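Taking it in order: structure first as structure tokens, then the write-up.
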Amino acid sequence: MDEIGAFLAMGGYAGFVWSAYGVAFAVLGGLSVHSWRRYRGSMVNLDQLQKDLGRRR
Amino acid sequence: MINWLANPARFVRLSAKAVPWCGWTAAVVLAIGLFWSLFVAPPDYQQGDTVRIMYVHVPAAWMALSVYLFVAVASAVGLVWRHPLAEVAARAAAPIGAAFTFICLATGSLWGRPMWGAWWVWDARLTSVLILFFLYLGYIALVNAFDDHSRGGRAGAVLALVGVVNLPIIKFSVDWWNTLHQPASVMRVGGPRIDISMLAPLLIMALGFTLLFVVLLMLRMRTALNERRAMALRLNAGAAPAPRPGRERAVSAHTAVP
């Protein structure tokens, strides 16, 4: 238990170290999720459009 | 090789295979890198555990610079050879580079407070990286500011190329000026001056960031190609309002995309 506590405390710099990793994780994670959602959205949109246009012909 | 890859149809086929592969490899490499940085690497004898911030800060800084170089090279190719994929690549890469630059600045600030006693100082290294961040934001704003897609792309490309002058300033700022920031200890003449126990996790994190960049770049390029194809389909079908002059030209260049 003490070991985990010592690890989390980061030698007294917990706030700085964990915030740094947190910022990196939040930014890269957010960008990844955003990129993936937009990609899926564009795929669905394109498929739908191709289907609609194919039907009209 | 570049010409072979630069065919949009081939790019779509290749990236469909590469995205899952690179994605999972990036996840595994980053997991190993994080474990190594947080658990295995030793604390610094002067900086204690704050040195662990380095494993995010330094790879993010490397990415900030190399992604900018990528945007500039792709912009140049797009300007000179008018290749449609080059401009798509430059546009897709810029937000990723901006994200890495932001991480570099934020983690640097969180490292500077305990070690230098200041969140921010206006010295050469920090200021030139802040300018790099603004260059990214300016590029993104500029390419999206035009209704005419290709005009926006060209204006952005010129900005990206002018901004290249900032890259050597960033790299050598620690040598040219007196600064709080330490000089280079990895990419220097005479080899790295950092112990292998700290160099290894640093390089693994850098590899993970690079793989993540490749995945996000391919995803964002595919998204842009899909969106352009959808717009071209709508225009061809007459479903969209009459295009303004110039827009037709921008779209017709991409109707060959499958």
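Ordered as shown in the structure tokens, chains take letters A, B, and onward, while each chain numbers its residues from 1 and ligands are numbered from 1 in the order shown.
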
Run DSSP on the backbone of this structure and report the residues of stretch 6-229 of chain B it assigns to helix (DSSP H, G or I), as a PyMOL selection string. chain B and resi 8-40+49-81+84-116+124-143+149-163+166-176+196-229

With 8 Å as the cut-off and only C-alpha atoms counted, what is the closest atom pair between each nearby residue of chain A and chain B? Distances in Å to one decimal, ordered by chain and number, as a Markdown table.
```
| residue | atom | partner | partner_atom | distance |
| --- | --- | --- | --- | --- |
| A:Met10 | CA | B:Asp49 | CA | 5.5 |
| A:Gly11 | CA | B:Asp49 | CA | 5.9 |
| A:Tyr13 | CA | B:Thr50 | CA | 6.4 |
| A:Phe16 | CA | B:Leu110 | CA | 5.4 |
| A:Val17 | CA | B:Ile53 | CA | 5.8 |
| A:Ser19 | CA | B:Leu110 | CA | 7.5 |
| A:Ala20 | CA | B:Thr107 | CA | 4.9 |
| A:Tyr21 | CA | B:Val56 | CA | 7.0 |
| A:Val23 | CA | B:Ile103 | CA | 6.7 |
| A:Ala24 | CA | B:Ile103 | CA | 5.6 |
| A:Val27 | CA | B:Ala99 | CA | 6.6 |
| A:Leu28 | CA | B:Ala99 | CA | 7.2 |
| A:Leu31 | CA | B:Ile96 | CA | 7.6 |
| A:Ser32 | CA | B:Leu216 | CA | 6.7 |
| A:Ser35 | CA | B:Arg220 | CA | 6.1 |
| A:Trp36 | CA | B:Leu219 | CA | 6.9 |
| A:Arg38 | CA | B:Thr223 | CA | 6.7 |
| A:Tyr39 | CA | B:Thr223 | CA | 4.8 |
| A:Ser42 | CA | B:Asn226 | CA | 5.8 |
| A:Met43 | CA | B:Asn226 | CA | 6.6 |
| A:Asn45 | CA | B:Ala230 | CA | 7.6 |
| A:Leu46 | CA | B:Ala230 | CA | 5.5 |
| A:Leu49 | CA | B:Ala230 | CA | 7.0 |
| A:Gln50 | CA | B:Leu233 | CA | 7.9 |
| A:Leu53 | CA | B:Ala237 | CA | 7.4 |
```

Output of the above residues as a compact mmCIF listing (two decimals), in the first residue's frame, restricted to N, CA and C atoms:
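Output contents, as saved in selection-v4.txt:
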```
# COMPACT_ATOMS: atom_id res chain seq x y z
N MET A 10 4.93 10.73 -6.37
CA MET A 10 5.97 11.18 -7.30
C MET A 10 7.01 12.07 -6.60
N GLY A 11 7.44 11.62 -5.42
CA GLY A 11 8.46 12.37 -4.69
C GLY A 11 8.03 13.78 -4.34
N TYR A 13 6.04 15.64 -6.17
CA TYR A 13 5.71 16.42 -7.38
C TYR A 13 4.47 15.89 -8.09
N PHE A 16 2.40 18.08 -10.53
CA PHE A 16 3.02 18.46 -11.80
C PHE A 16 3.13 17.26 -12.74
N VAL A 17 3.64 16.15 -12.21
CA VAL A 17 3.87 14.98 -13.08
C VAL A 17 2.54 14.45 -13.62
N SER A 19 -0.37 15.94 -13.80
CA SER A 19 -1.04 16.89 -14.69
C SER A 19 -0.43 16.83 -16.09
N ALA A 20 0.90 16.71 -16.17
CA ALA A 20 1.56 16.65 -17.48
C ALA A 20 1.08 15.45 -18.28
N TYR A 21 1.06 14.28 -17.61
CA TYR A 21 0.58 13.07 -18.31
C TYR A 21 -0.91 13.20 -18.63
N VAL A 23 -2.62 16.01 -19.26
CA VAL A 23 -2.81 16.91 -20.41
C VAL A 23 -2.53 16.15 -21.71
N ALA A 24 -1.41 15.43 -21.75
CA ALA A 24 -1.04 14.70 -22.97
C ALA A 24 -2.11 13.68 -23.32
N VAL A 27 -5.41 15.49 -24.54
CA VAL A 27 -5.32 16.10 -25.87
C VAL A 27 -5.24 15.02 -26.95
N LEU A 28 -4.33 14.04 -26.78
CA LEU A 28 -4.17 13.01 -27.81
C LEU A 28 -5.40 12.11 -27.88
N LEU A 31 -8.20 14.10 -29.56
CA LEU A 31 -7.95 14.22 -31.01
C LEU A 31 -8.23 12.89 -31.71
N SER A 32 -7.83 11.78 -31.07
CA SER A 32 -8.06 10.46 -31.68
C SER A 32 -9.55 10.18 -31.81
N SER A 35 -11.04 12.44 -34.49
CA SER A 35 -10.67 12.02 -35.84
C SER A 35 -11.44 10.77 -36.25
N TRP A 36 -11.56 9.82 -35.32
CA TRP A 36 -12.26 8.57 -35.63
C TRP A 36 -13.74 8.83 -35.90
N ARG A 38 -15.20 11.59 -36.93
CA ARG A 38 -15.39 12.29 -38.20
C ARG A 38 -15.18 11.33 -39.37
N TYR A 39 -14.21 10.42 -39.21
CA TYR A 39 -13.97 9.44 -40.27
C TYR A 39 -15.18 8.54 -40.47
N SER A 42 -18.00 10.47 -42.10
CA SER A 42 -17.81 10.72 -43.53
C SER A 42 -18.06 9.45 -44.33
N MET A 43 -17.70 8.28 -43.76
CA MET A 43 -17.94 7.00 -44.43
C MET A 43 -19.45 6.74 -44.58
N ASN A 45 -21.91 8.88 -44.38
CA ASN A 45 -22.48 9.90 -45.25
C ASN A 45 -22.27 9.57 -46.73
N LEU A 46 -21.05 9.14 -47.06
CA LEU A 46 -20.72 8.83 -48.45
C LEU A 46 -21.49 7.60 -48.93
N LEU A 49 -25.06 8.54 -49.54
CA LEU A 49 -25.16 9.37 -50.75
C LEU A 49 -25.08 8.50 -52.00
N GLN A 50 -24.13 7.55 -51.99
CA GLN A 50 -23.97 6.67 -53.15
C GLN A 50 -25.20 5.81 -53.35
N LEU A 53 -28.05 8.08 -54.74
CA LEU A 53 -27.83 8.45 -56.15
C LEU A 53 -28.03 7.23 -57.05
```

Using only C-alpha atoms for the distances, tell me which of B:Asp147, B:Pro8, B:Phe134, B:Ser66 is nearest to B:Leu167. B:Ser66

Proximity to B:Ala124 - best of B:Val174, B:Met187, B:Ala86, B:Val143, only C-alpha atoms: B:Val174

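Atom CA of B:Met63 lies 19.2 Å from atom CA of B:Val19.
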